[in-house]
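Next comes my_file32.cif, with mmCIF, C-alpha atoms and all ligand atoms.
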data_run
loop_
_atom_site.label_atom_id
_atom_site.label_comp_id
_atom_site.auth_asym_id
_atom_site.auth_seq_id
_atom_site.Cartn_x
_atom_site.Cartn_y
_atom_site.Cartn_z
CA MET A 1 0.59 23.36 12.75
CA THR A 2 3.64 22.77 14.90
CA ALA A 3 5.77 25.75 15.77
CA GLY A 4 9.19 24.41 14.77
CA ALA A 5 8.91 23.92 11.05
CA SER A 6 6.71 26.92 10.40
CA ALA A 7 9.15 29.19 12.27
CA ALA A 8 12.16 27.92 10.33
CA SER A 9 13.56 30.50 7.98
CA GLY A 10 14.26 29.25 4.47
CA VAL A 11 13.51 26.50 2.04
CA ILE A 12 16.55 24.39 1.28
CA GLY A 13 14.92 21.77 -0.91
CA ARG A 14 11.43 20.95 -2.06
CA ALA A 15 9.87 18.23 -4.23
CA ARG A 16 6.42 16.87 -4.94
CA ALA A 17 5.53 13.34 -6.06
CA ARG A 18 2.44 11.31 -6.81
CA ALA A 19 1.78 7.59 -6.33
CA GLY A 20 -1.17 5.26 -6.78
CA THR A 21 -2.27 2.86 -4.09
CA ASN A 22 -2.18 -0.86 -4.81
CA ILE A 23 -4.23 -3.93 -3.95
CA ALA A 24 -2.47 -7.23 -3.36
CA LEU A 25 -3.66 -10.25 -5.32
CA VAL A 26 -1.11 -12.45 -3.53
CA LYS A 27 -1.10 -11.05 0.00
CA TYR A 28 1.73 -9.86 2.21
CA TRP A 29 0.95 -10.95 5.76
CA GLY A 30 3.80 -11.26 8.26
CA LYS A 31 7.29 -9.87 8.73
CA ARG A 32 10.61 -11.60 9.15
CA ASP A 33 12.21 -8.46 10.60
CA ARG A 34 10.23 -5.69 12.21
CA ALA A 35 13.02 -3.07 12.40
CA LEU A 36 13.77 -3.24 8.66
CA ASN A 37 10.15 -4.11 7.83
CA LEU A 38 11.15 -7.22 5.90
CA PRO A 39 8.29 -9.42 4.66
CA ALA A 40 8.15 -13.10 5.62
CA ALA A 41 7.13 -13.92 2.04
CA GLY A 42 6.67 -12.22 -1.32
CA SER A 43 3.48 -10.59 -2.58
CA LEU A 44 1.97 -9.41 -5.86
CA SER A 45 -0.33 -6.47 -6.48
CA LEU A 46 -2.04 -4.16 -8.95
CA THR A 47 -1.16 -0.47 -8.73
CA LEU A 48 -4.30 1.63 -9.24
CA ASP A 49 -4.94 4.66 -11.38
CA GLY A 50 -6.50 7.78 -9.86
CA LEU A 51 -6.53 6.57 -6.26
CA GLY A 52 -3.43 7.61 -4.40
CA SER A 53 -1.34 10.28 -2.73
CA ASP A 54 0.16 13.57 -3.86
CA THR A 55 2.91 14.57 -1.44
CA GLU A 56 5.13 17.64 -1.19
CA VAL A 57 8.19 17.64 1.06
CA THR A 58 10.03 20.85 1.93
CA PHE A 59 13.24 20.77 3.95
CA LEU A 60 13.72 23.93 5.97
CA ALA A 61 16.80 25.72 7.23
CA GLY A 62 17.02 26.37 10.94
CA ARG A 63 17.47 24.19 13.96
CA PRO A 64 18.13 20.47 13.50
CA ALA A 65 15.03 18.29 13.33
CA GLY A 66 13.96 17.08 16.75
CA PRO A 67 11.78 18.18 19.66
CA ASN A 68 12.54 21.88 19.09
CA ALA A 69 12.14 21.76 15.33
CA PRO A 70 9.63 19.00 14.67
CA ASP A 71 8.54 18.00 11.20
CA GLU A 72 5.19 19.45 10.25
CA VAL A 73 2.90 16.84 8.72
CA LEU A 74 -0.38 17.85 7.10
CA LEU A 75 -2.82 15.29 5.68
CA ASP A 76 -5.49 16.76 3.44
CA GLY A 77 -4.83 20.15 5.06
CA GLN A 78 -5.12 18.93 8.67
CA PRO A 79 -2.28 18.20 11.10
CA ALA A 80 -1.66 14.44 11.17
CA ASP A 81 -2.41 12.56 14.40
CA ALA A 82 0.60 11.96 16.66
CA THR A 83 1.10 8.32 15.61
CA THR A 84 1.10 9.14 11.89
CA ALA A 85 3.33 12.20 12.38
CA ALA A 86 5.85 10.12 14.35
CA ARG A 87 5.82 7.42 11.65
CA VAL A 88 6.47 10.05 8.95
CA SER A 89 9.29 11.61 11.01
CA ARG A 90 10.95 8.23 11.52
CA PHE A 91 10.78 7.70 7.77
CA LEU A 92 12.25 11.18 7.12
CA ASP A 93 15.07 10.31 9.55
CA LEU A 94 16.11 7.55 7.11
CA VAL A 95 16.25 10.11 4.28
CA ARG A 96 18.10 12.66 6.46
CA ALA A 97 20.63 10.02 7.50
CA ARG A 98 21.26 9.15 3.87
CA ALA A 99 21.62 12.81 2.87
CA GLY A 100 23.74 13.75 5.90
CA SER A 101 21.12 16.32 6.84
CA ARG A 102 19.34 17.25 10.04
CA ALA A 103 16.90 19.70 8.47
CA PRO A 104 13.27 19.55 9.62
CA ALA A 105 10.62 19.09 6.97
CA ARG A 106 7.16 20.22 6.09
CA VAL A 107 5.10 17.43 4.52
CA ARG A 108 1.80 18.06 2.78
CA THR A 109 -0.13 15.08 1.52
CA HIS A 110 -3.41 14.96 -0.34
CA ASN A 111 -5.08 11.61 -0.78
CA SER A 112 -7.30 11.10 -3.80
CA VAL A 113 -8.64 7.97 -2.14
CA PRO A 114 -12.03 9.16 -0.83
CA THR A 115 -12.10 9.64 2.93
CA ALA A 116 -12.91 6.44 4.79
CA ALA A 117 -12.92 4.52 1.53
CA GLY A 118 -11.11 1.72 3.26
CA LEU A 119 -8.30 1.66 0.73
CA ALA A 120 -4.85 1.71 2.23
CA SER A 121 -3.35 5.16 1.83
CA SER A 122 -0.09 4.03 3.47
CA ALA A 123 0.99 2.26 0.27
CA SER A 124 0.65 5.34 -1.94
CA GLY A 125 1.57 7.68 0.92
CA PHE A 126 4.99 6.18 1.66
CA ALA A 127 5.75 5.63 -2.04
CA ALA A 128 5.07 9.32 -2.80
CA LEU A 129 6.91 10.36 0.37
CA ALA A 130 9.97 8.28 -0.59
CA LEU A 131 10.34 10.02 -3.94
CA ALA A 132 9.43 13.53 -2.74
CA ALA A 133 11.65 13.39 0.34
CA THR A 134 14.69 11.99 -1.45
CA ARG A 135 14.46 14.53 -4.28
CA ALA A 136 13.93 17.38 -1.79
CA ALA A 137 17.09 16.12 -0.06
CA ARG A 138 18.88 16.07 -3.44
CA LEU A 139 19.23 12.32 -3.51
CA ASP A 140 18.67 10.56 -6.82
CA LEU A 141 17.62 6.98 -6.04
CA SER A 142 16.91 4.27 -8.61
CA PRO A 143 13.40 2.75 -8.62
CA ARG A 144 14.82 -0.32 -6.87
CA GLU A 145 16.42 1.84 -4.16
CA LEU A 146 13.19 3.82 -3.79
CA SER A 147 11.27 0.57 -3.39
CA GLU A 148 13.63 -0.55 -0.63
CA LEU A 149 13.24 2.81 1.11
CA ALA A 150 9.44 2.92 0.72
CA ARG A 151 9.26 -0.58 2.25
CA ARG A 152 10.64 0.86 5.49
CA GLY A 153 7.52 3.04 5.73
CA SER A 154 5.02 0.34 4.78
CA GLY A 155 5.56 -3.05 3.16
CA SER A 156 2.91 -2.46 0.53
CA ALA A 157 4.47 0.95 -0.34
CA ALA A 158 7.45 -0.86 -1.88
CA ARG A 159 5.05 -2.08 -4.59
CA SER A 160 3.53 1.36 -5.37
CA ILE A 161 6.89 2.56 -6.72
CA PHE A 162 5.99 0.57 -9.85
CA GLY A 163 2.91 0.65 -12.05
CA GLY A 164 0.71 -2.17 -13.27
CA LEU A 165 1.21 -5.65 -11.85
CA VAL A 166 4.08 -5.72 -9.37
CA GLU A 167 5.83 -8.36 -7.28
CA LEU A 168 7.52 -7.62 -3.96
CA HIS A 169 10.27 -10.14 -3.32
CA ALA A 170 10.75 -11.47 0.19
CA GLY A 171 14.52 -11.37 -0.31
CA SER A 172 17.04 -13.12 1.89
CA ALA A 173 19.71 -10.47 2.56
CA PRO A 174 19.84 -9.52 6.27
CA ASP A 175 19.93 -5.81 5.35
CA GLY A 176 16.82 -6.06 3.16
CA GLY A 177 18.65 -4.97 0.02
CA ASP A 178 16.82 -7.60 -2.03
CA ALA A 179 13.38 -7.17 -0.41
CA VAL A 180 12.31 -4.88 -3.22
CA ALA A 181 9.51 -4.76 -5.75
CA GLU A 182 9.68 -5.32 -9.49
CA GLN A 183 7.20 -4.67 -12.27
CA ILE A 184 5.69 -7.83 -13.78
CA LEU A 185 3.43 -6.18 -16.36
CA PRO A 186 3.08 -2.49 -17.28
CA PRO A 187 -0.30 -0.80 -16.70
CA GLY A 188 -1.32 -0.68 -20.37
CA ALA A 189 -0.67 -4.36 -21.04
CA TRP A 190 -3.85 -5.87 -19.60
CA ASP A 191 -7.17 -4.04 -19.25
CA LEU A 192 -8.15 -5.17 -15.76
CA ARG A 193 -10.38 -3.37 -13.27
CA LEU A 194 -10.82 -3.51 -9.53
CA VAL A 195 -14.32 -2.76 -8.32
CA VAL A 196 -14.27 -1.75 -4.65
CA ALA A 197 -17.34 -2.25 -2.45
CA ILE A 198 -17.19 -0.12 0.70
CA THR A 199 -19.02 -1.75 3.60
CA SER A 200 -18.29 0.54 6.56
CA ASP A 201 -17.13 4.04 7.44
CA ALA A 202 -15.54 2.92 10.73
CA ARG A 203 -11.78 3.22 11.14
CA LYS A 204 -9.67 0.08 11.01
CA ALA A 205 -9.89 -1.76 14.35
CA LEU A 206 -6.36 -3.19 14.39
CA SER A 207 -3.41 -1.97 12.34
CA SER A 208 -2.00 -4.40 9.82
CA THR A 209 1.38 -4.33 11.62
CA ALA A 210 -0.19 -5.29 14.97
CA ALA A 211 -2.37 -7.93 13.36
CA MET A 212 0.54 -9.43 11.41
CA GLU A 213 2.63 -9.61 14.57
CA ARG A 214 -0.16 -11.30 16.51
CA THR A 215 -0.72 -13.75 13.65
CA ALA A 216 2.98 -14.62 13.36
CA ASN A 217 3.28 -15.07 17.14
CA SER A 218 0.14 -17.04 17.83
CA SER A 219 -1.51 -18.53 14.74
CA PRO A 220 -0.63 -22.23 14.35
CA TYR A 221 -1.32 -21.77 10.63
CA PHE A 222 1.31 -19.07 10.11
CA PRO A 223 4.14 -21.39 8.94
CA ALA A 224 1.73 -23.08 6.51
CA TRP A 225 0.64 -19.67 5.20
CA VAL A 226 4.22 -18.59 4.56
CA ASP A 227 5.00 -21.93 2.89
CA ALA A 228 2.04 -21.55 0.50
CA VAL A 229 2.98 -18.10 -0.82
CA ALA A 230 5.77 -19.19 -3.20
CA GLY A 231 3.34 -21.49 -5.04
CA ASP A 232 0.72 -18.75 -5.26
CA LEU A 233 3.30 -16.31 -6.63
CA ALA A 234 4.41 -18.78 -9.30
CA ALA A 235 0.78 -19.44 -10.29
CA ALA A 236 0.03 -15.70 -10.40
CA ARG A 237 3.08 -14.99 -12.57
CA ALA A 238 2.07 -17.75 -15.00
CA ALA A 239 -1.51 -16.45 -15.14
CA ILE A 240 -0.30 -12.92 -15.81
CA ALA A 241 2.07 -14.07 -18.56
CA ALA A 242 -0.88 -15.86 -20.22
CA ARG A 243 -3.36 -13.00 -19.47
CA ASP A 244 -5.49 -15.72 -17.88
CA LEU A 245 -8.00 -13.92 -15.66
CA ASP A 246 -9.65 -17.10 -14.36
CA SER A 247 -6.34 -18.49 -13.11
CA LEU A 248 -5.23 -15.15 -11.65
CA GLY A 249 -8.64 -14.83 -9.99
CA ALA A 250 -8.38 -18.30 -8.46
CA VAL A 251 -4.98 -17.44 -6.93
CA THR A 252 -6.33 -14.07 -5.76
CA GLU A 253 -9.23 -15.63 -3.87
CA ARG A 254 -7.23 -18.43 -2.29
CA SER A 255 -4.45 -16.09 -1.17
CA CYS A 256 -7.05 -13.80 0.42
CA LEU A 257 -8.92 -16.61 2.17
CA ARG A 258 -5.70 -18.21 3.40
CA MET A 259 -4.43 -14.91 4.77
CA HIS A 260 -7.67 -14.31 6.65
CA ALA A 261 -7.89 -17.94 7.82
CA CYS A 262 -4.39 -17.62 9.22
CA ALA A 263 -5.27 -14.34 10.98
CA LEU A 264 -8.57 -15.81 12.30
CA ALA A 265 -6.56 -18.57 13.95
CA ALA A 266 -4.41 -16.10 15.92
CA ASP A 267 -4.96 -15.75 19.66
CA PRO A 268 -7.10 -13.70 20.05
CA GLY A 269 -8.41 -14.14 16.54
CA VAL A 270 -8.14 -11.30 14.04
CA LEU A 271 -11.46 -10.79 12.26
CA TYR A 272 -11.76 -7.87 9.84
CA TRP A 273 -14.97 -8.91 8.14
CA ASN A 274 -18.53 -7.78 8.82
CA PRO A 275 -21.73 -9.47 7.61
CA VAL A 276 -21.70 -7.41 4.39
CA THR A 277 -18.18 -8.67 3.62
CA VAL A 278 -19.49 -12.24 3.74
CA ALA A 279 -22.57 -11.34 1.69
CA LEU A 280 -20.24 -9.86 -0.96
CA ILE A 281 -18.16 -13.05 -1.12
CA HIS A 282 -21.35 -14.97 -1.89
CA ALA A 283 -22.46 -12.30 -4.36
CA VAL A 284 -19.17 -12.48 -6.25
CA ARG A 285 -19.38 -16.26 -6.47
CA ALA A 286 -22.95 -15.98 -7.77
CA LEU A 287 -22.23 -13.24 -10.28
CA ARG A 288 -19.30 -15.23 -11.57
CA GLU A 289 -21.77 -17.93 -12.60
CA ALA A 290 -24.38 -15.56 -14.00
CA VAL A 291 -22.73 -12.35 -15.19
CA ALA A 292 -18.98 -12.29 -15.76
CA PRO A 293 -15.65 -13.61 -14.48
CA ALA A 294 -14.97 -11.72 -11.24
CA TYR A 295 -12.82 -12.54 -8.21
CA PHE A 296 -12.73 -11.05 -4.72
CA THR A 297 -9.96 -10.02 -2.38
CA ILE A 298 -10.09 -8.44 1.10
CA ASP A 299 -7.41 -6.61 3.06
CA ALA A 300 -7.09 -5.54 6.69
CA GLY A 301 -10.64 -4.20 6.74
CA PRO A 302 -14.22 -5.17 5.83
CA HIS A 303 -14.30 -3.92 2.23
CA VAL A 304 -14.29 -6.20 -0.79
CA LYS A 305 -12.27 -5.56 -3.95
CA VAL A 306 -13.27 -7.43 -7.06
CA LEU A 307 -10.98 -8.16 -10.00
CA CYS A 308 -12.56 -8.33 -13.44
CA ALA A 309 -12.02 -7.34 -17.08
CA ALA A 310 -12.63 -3.68 -17.98
CA ALA A 311 -15.51 -4.71 -20.26
CA HIS A 312 -17.40 -6.20 -17.29
CA ALA A 313 -16.64 -3.53 -14.66
CA ASP A 314 -19.99 -1.71 -14.94
CA ALA A 315 -22.02 -4.91 -14.67
CA VAL A 316 -19.95 -6.11 -11.70
CA ARG A 317 -20.27 -2.74 -10.03
CA ASP A 318 -24.07 -2.73 -10.44
CA ARG A 319 -24.33 -6.18 -8.85
CA LEU A 320 -22.10 -5.26 -5.92
CA ALA A 321 -23.87 -1.92 -5.34
CA ALA A 322 -27.17 -3.85 -5.03
CA VAL A 323 -25.92 -6.00 -2.13
CA PRO A 324 -27.67 -4.72 1.03
CA GLY A 325 -25.22 -2.86 3.28
CA VAL A 326 -22.83 -1.74 0.53
CA LEU A 327 -22.30 1.99 1.10
CA ARG A 328 -20.42 2.97 -2.06
CA THR A 329 -18.53 1.47 -4.95
CA LEU A 330 -15.44 2.61 -6.83
CA VAL A 331 -13.84 1.36 -10.02
CA ALA A 332 -10.11 1.68 -10.74
CA GLY A 333 -7.85 0.46 -13.50
CA PRO A 334 -4.13 -0.23 -13.59
CA GLY A 335 -2.07 2.87 -12.89
CA PRO A 336 1.51 4.10 -13.26
CA GLY A 337 4.33 3.95 -10.74
CA VAL A 338 5.45 6.86 -8.57
CA GLN A 339 6.01 10.09 -10.50
CA LEU A 340 7.87 13.27 -9.73
CA VAL A 341 5.55 16.28 -10.12
CA SER A 342 8.10 19.02 -9.37
CA ALA A 343 11.47 19.53 -7.71
CA ASP A 344 13.15 22.69 -6.60
CA ALA A 345 16.37 22.55 -4.67
CA PRO A 346 18.19 25.90 -4.50
CA SER A 347 21.81 24.99 -5.10
CA SER A 348 23.35 27.78 -3.01
CA SER A 349 22.02 26.67 0.35
CA PRO A 350 23.64 23.77 2.16
CA LEU A 351 21.17 21.00 2.93
CA ALA A 352 22.61 20.09 6.32
O1 LIG A 401 1.78 -2.41 3.97
P1 LIG A 401 1.06 -2.72 5.22
O2 LIG A 401 1.97 -2.86 6.38
O3 LIG A 401 -0.07 -1.77 5.49
O4 LIG A 401 0.36 -4.18 5.05
C1 LIG A 401 -0.50 -4.50 3.98
C2 LIG A 401 -1.32 -5.69 4.33
C3 LIG A 401 -2.40 -6.07 3.36
O5 LIG A 401 -2.96 -4.93 2.73
C4 LIG A 401 -3.51 -6.79 4.10
C5 LIG A 401 -1.89 -7.04 2.29
C6 LIG A 401 -1.05 -6.45 1.20
O6 LIG A 401 -0.20 -7.20 0.67
O7 LIG A 401 -1.21 -5.26 0.85
#

Render the structure in this file as structure tokens.
Ligand code: PMV
Amino acid sequence: MTAGASAASGVIGRARARAGTNIALVKYWGKRDRALNLPAAGSLSLTLDGLGSDTEVTFLAGRPAGPNAPDEVLLDGQPADATTAARVSRFLDLVRARAGSRAPARVRTHNSVPTAAGLASSASGFAALALAATRAARLDLSPRELSELARRGSGSAARSIFGGLVELHAGSAPDGGDAVAEQILPPGAWDLRLVVAITSDARKALSSTAAMERTANSSPYFPAWVDAVAGDLAAARAAIAARDLDSLGAVTERSCLRMHACALAADPGVLYWNPVTVALIHAVRALREAVAPAYFTIDAGPHVKVLCAAAHADAVRDRLAAVPGVLRTLVAGPGPGVQLVSADAPSSSPLA
């Protein structure tokens, strides 16, 4: 615990929010503006049920936020590492600037994504933080505004504001006002599942931001990757409208392989896969022939996520769990967008 926030006297606003993580079917890989965290191209994802972040933000009276009154950031009850705490504080600075406040905050986040599950908690984390922090600061943002704000924390977080199948638009406005997400299909409209095969407990070797930057700066395939995304998005939208799993699965796999091919061609090459990742790709292709329609995707790590119909999730899970080297499996369905759990902002105390 840091001294500043815990020593501050009173609570001047508090809110708690919950968000599910999401897995991209059409990948986001590369930024067109690092400061505003603007994506080079659009992306499309499925927000998951039951795997996400529950975040409470409390703004405290006392000295202005800064070195003498730092924000206190707890992740699953433990103080966050310095890099994460600084990233959260920079995000809170955006909320403070908007609210005209300098109050330090206490942030408590619990992730329902199992530890070292290899599922991005930044997507659900910054989506929940965006809603909790703005409500604690007595700001009432629309979902679109929340998506724009969450994007500043993590590109994929912009998508977790919405439930179900969600598209994040690349946008073209220099201020990023149109680089926001939009729901394509609500969570109850298509009974999909993602089966996650965990292949390692090691921490991510290279952050997605660093890897994206290296790819954009040095991969000769980066322009071709960016050019291909619009076509993949159009195909994914059409497949979703028709509830056509085979077509959505085909786009999902090619977007994943193109993203990784582009990153592999960076200098030095970015390789997130391990031998079990490759074995799982083969296993998914084989089970697609023999068992049920199922399609893989892989993010900035060695785990494999497999899209299938709810009716086939158990069979797919059994096959993946039997691949040598798979440590654990998880199954998740479509989940809702970010939700406010509670808000309590005493009206008598000035926020600033
Ligand atoms: O949101 P970030 O900056 O952690 O990047 C996400 C990158 C991928 O997970 C690999 C792809 C995606 O669209 O989520």

### Query
Which neighbours of Thr329 (chain A) fall inside 7 Å, counting all atoms listed in the file, when residues of the same chain fewer than 3 positions from it are skipped, and could you give them as a list of chain:residue names?
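The residues satisfying every condition are A:Val195, A:Val196, A:Ala197, A:Ile198, A:Arg317, A:Ala321.
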
#### Entry: ligand LIG 401 (chain A) neighbours within 7 Å using all atoms listed in the file, as a VMD selection string
chain A and resid 23 to 24 26 to 29 43 120 122 to 123 154 to 157 208 to 209 299 to 300

Which neighbours of Cys308 (chain A) fall inside 7 Å, counting all atoms listed in the file, when residues of the same chain fewer than 4 positions from it are skipped, and could you give them as a compact mmCIF listing (two decimals) with C-alpha atoms, in the frame of the given file?
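Output file selection_2.txt follows:
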# COMPACT_ATOMS: atom_id res chain seq x y z
CA LEU A 192 -8.15 -5.17 -15.76
CA ARG A 193 -10.38 -3.37 -13.27
CA LEU A 194 -10.82 -3.51 -9.53
CA PRO A 293 -15.65 -13.61 -14.48
CA ALA A 294 -14.97 -11.72 -11.24
CA TYR A 295 -12.82 -12.54 -8.21
CA HIS A 312 -17.40 -6.20 -17.29
CA ALA A 313 -16.64 -3.53 -14.66

### Task
Choose the residue, out of A:Thr83, A:Arg254, A:Asp246, A:Val276, that has the smallest atom-to-atom separation from Gly231 (chain A); count only C-alpha atoms.
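Of A:Thr83, A:Arg254, A:Asp246, A:Val276, the one nearest Gly231 (chain A), counting only C-alpha atoms, is A:Arg254.
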
Expected axis-aligned box over every listed atom of region 122-134 of chain A, 5 Å added per side, centre plus edges in Å to one decimal, as JSON:
{"center_x": 7.3, "center_y": 7.9, "center_z": -0.2, "size_x": 24.8, "size_y": 21.3, "size_z": 17.4}

### Task
Name all residues at most 8 Å from region 32-36 of chain A (count only C-alpha atoms; drop same-chain ones fewer than 4 positions away) and give them as a VMD selection string.
chain A and resid 40 152 175 to 176

### Query
Between A:Ala250, A:Ala181, A:Leu307, A:Ala86, which is the closest to Pro334 (chain A) once you count all atoms listed in the file?
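Of A:Ala250, A:Ala181, A:Leu307, A:Ala86, the one nearest Pro334 (chain A), counting all atoms listed in the file, is A:Leu307.
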
### Task
Figure out the distance between CA of Val95 (chain A) and CA of Thr134 (chain A), please, to one decimal in Å.
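That distance, rounded to one decimal, is 6.2 Å.
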
### CA of Ala65 (chain A) to CA of Leu131 (chain A), distance in Å rounded to a single decimal
19.7 Å

### Message
Could you check the closest approach to Leu129 (chain A) for each of A:Ala315, A:Val338, A:Leu141, A:Val284 and tell me which residue wins, using all atoms listed in the file?
### Response
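So, comparing all the options, the nearest one is A:Val338.
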
Up to 12 Å from (1.2, -17.4, -5.0) in the file's coordinates: name the residues, counting only C-alpha atoms, as a compact mmCIF listing (two decimals) with C-alpha atoms, in the frame of the given file.
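Done, and the output landed in result_21.txt:
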# COMPACT_ATOMS: atom_id res chain seq x y z
CA ALA A 24 -2.47 -7.23 -3.36
CA LEU A 25 -3.66 -10.25 -5.32
CA VAL A 26 -1.11 -12.45 -3.53
CA LYS A 27 -1.10 -11.05 0.00
CA TYR A 28 1.73 -9.86 2.21
CA ALA A 41 7.13 -13.92 2.04
CA GLY A 42 6.67 -12.22 -1.32
CA SER A 43 3.48 -10.59 -2.58
CA LEU A 44 1.97 -9.41 -5.86
CA SER A 45 -0.33 -6.47 -6.48
CA GLU A 167 5.83 -8.36 -7.28
CA LEU A 168 7.52 -7.62 -3.96
CA HIS A 169 10.27 -10.14 -3.32
CA TRP A 225 0.64 -19.67 5.20
CA VAL A 226 4.22 -18.59 4.56
CA ASP A 227 5.00 -21.93 2.89
CA ALA A 228 2.04 -21.55 0.50
CA VAL A 229 2.98 -18.10 -0.82
CA ALA A 230 5.77 -19.19 -3.20
CA GLY A 231 3.34 -21.49 -5.04
CA ASP A 232 0.72 -18.75 -5.26
CA LEU A 233 3.30 -16.31 -6.63
CA ALA A 234 4.41 -18.78 -9.30
CA ALA A 235 0.78 -19.44 -10.29
CA ALA A 236 0.03 -15.70 -10.40
CA ARG A 237 3.08 -14.99 -12.57
CA ALA A 238 2.07 -17.75 -15.00
CA ALA A 239 -1.51 -16.45 -15.14
CA ILE A 240 -0.30 -12.92 -15.81
CA SER A 247 -6.34 -18.49 -13.11
CA LEU A 248 -5.23 -15.15 -11.65
CA GLY A 249 -8.64 -14.83 -9.99
CA ALA A 250 -8.38 -18.30 -8.46
CA VAL A 251 -4.98 -17.44 -6.93
CA THR A 252 -6.33 -14.07 -5.76
CA GLU A 253 -9.23 -15.63 -3.87
CA ARG A 254 -7.23 -18.43 -2.29
CA SER A 255 -4.45 -16.09 -1.17
CA CYS A 256 -7.05 -13.80 0.42
CA ARG A 258 -5.70 -18.21 3.40
CA MET A 259 -4.43 -14.91 4.77

#### Entry: Atom-to-atom span, CA of Leu245 (chain A) and CA of Gly188 (chain A), Å
15.6 Å

### Message
So, with only C-alpha atoms as the atoms that count, which of A:Gly337, A:Gly100, A:Pro187, A:Pro275 lies closest to Gly325 (chain A)?
### Response
A:Pro275

### Message
I want to know what sits within 9 Å of Leu119 (chain A), based on only C-alpha atoms, with residues of the same chain fewer than 5 positions away left out; could you give that as a list of chain:residue names?
### Response
A:Thr21, A:Asn22, A:Ile23, A:Leu51, A:Val113, A:Pro114, A:Val196, A:Asp299, A:Gly301, A:His303

Could you turn the residues from that selection into a file that holds C-alpha atoms, as a PDB file, in the frame of the given file?
ATOM      1  CA  THR A  21      -2.270   2.860  -4.090  1.00  0.00           C
ATOM      2  CA  ASN A  22      -2.180  -0.860  -4.810  1.00  0.00           C
ATOM      3  CA  ILE A  23      -4.230  -3.930  -3.950  1.00  0.00           C
ATOM      4  CA  LEU A  51      -6.530   6.570  -6.260  1.00  0.00           C
ATOM      5  CA  VAL A 113      -8.640   7.970  -2.140  1.00  0.00           C
ATOM      6  CA  PRO A 114     -12.030   9.160  -0.830  1.00  0.00           C
ATOM      7  CA  VAL A 196     -14.270  -1.750  -4.650  1.00  0.00           C
ATOM      8  CA  ASP A 299      -7.410  -6.610   3.060  1.00  0.00           C
ATOM      9  CA  GLY A 301     -10.640  -4.200   6.740  1.00  0.00           C
ATOM     10  CA  HIS A 303     -14.300  -3.920   2.230  1.00  0.00           C
TER      11      HIS A 303
END

#### Entry: Shortest interatomic distance to Ala211 (chain A) - which of A:Gly333, A:Leu139, A:Lys31, A:Arg288, counting all atoms listed in the file
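Closest residue, counting all atoms listed in the file: A:Lys31.
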
### Message
Need to verify the contact set: Leu185 (chain A), 6 Å, all atoms listed in the file, exclusion of same-chain residues closer than 2 positions in sequence. Can you return it as a count of residues only?
### Response
3

### Among listed residues A:Val291, A:Phe162, A:Arg102, A:Leu146, nearest Asp318 (chain A) (using only C-alpha atoms)
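With only C-alpha atoms as the atom set, the closest residue is A:Val291.
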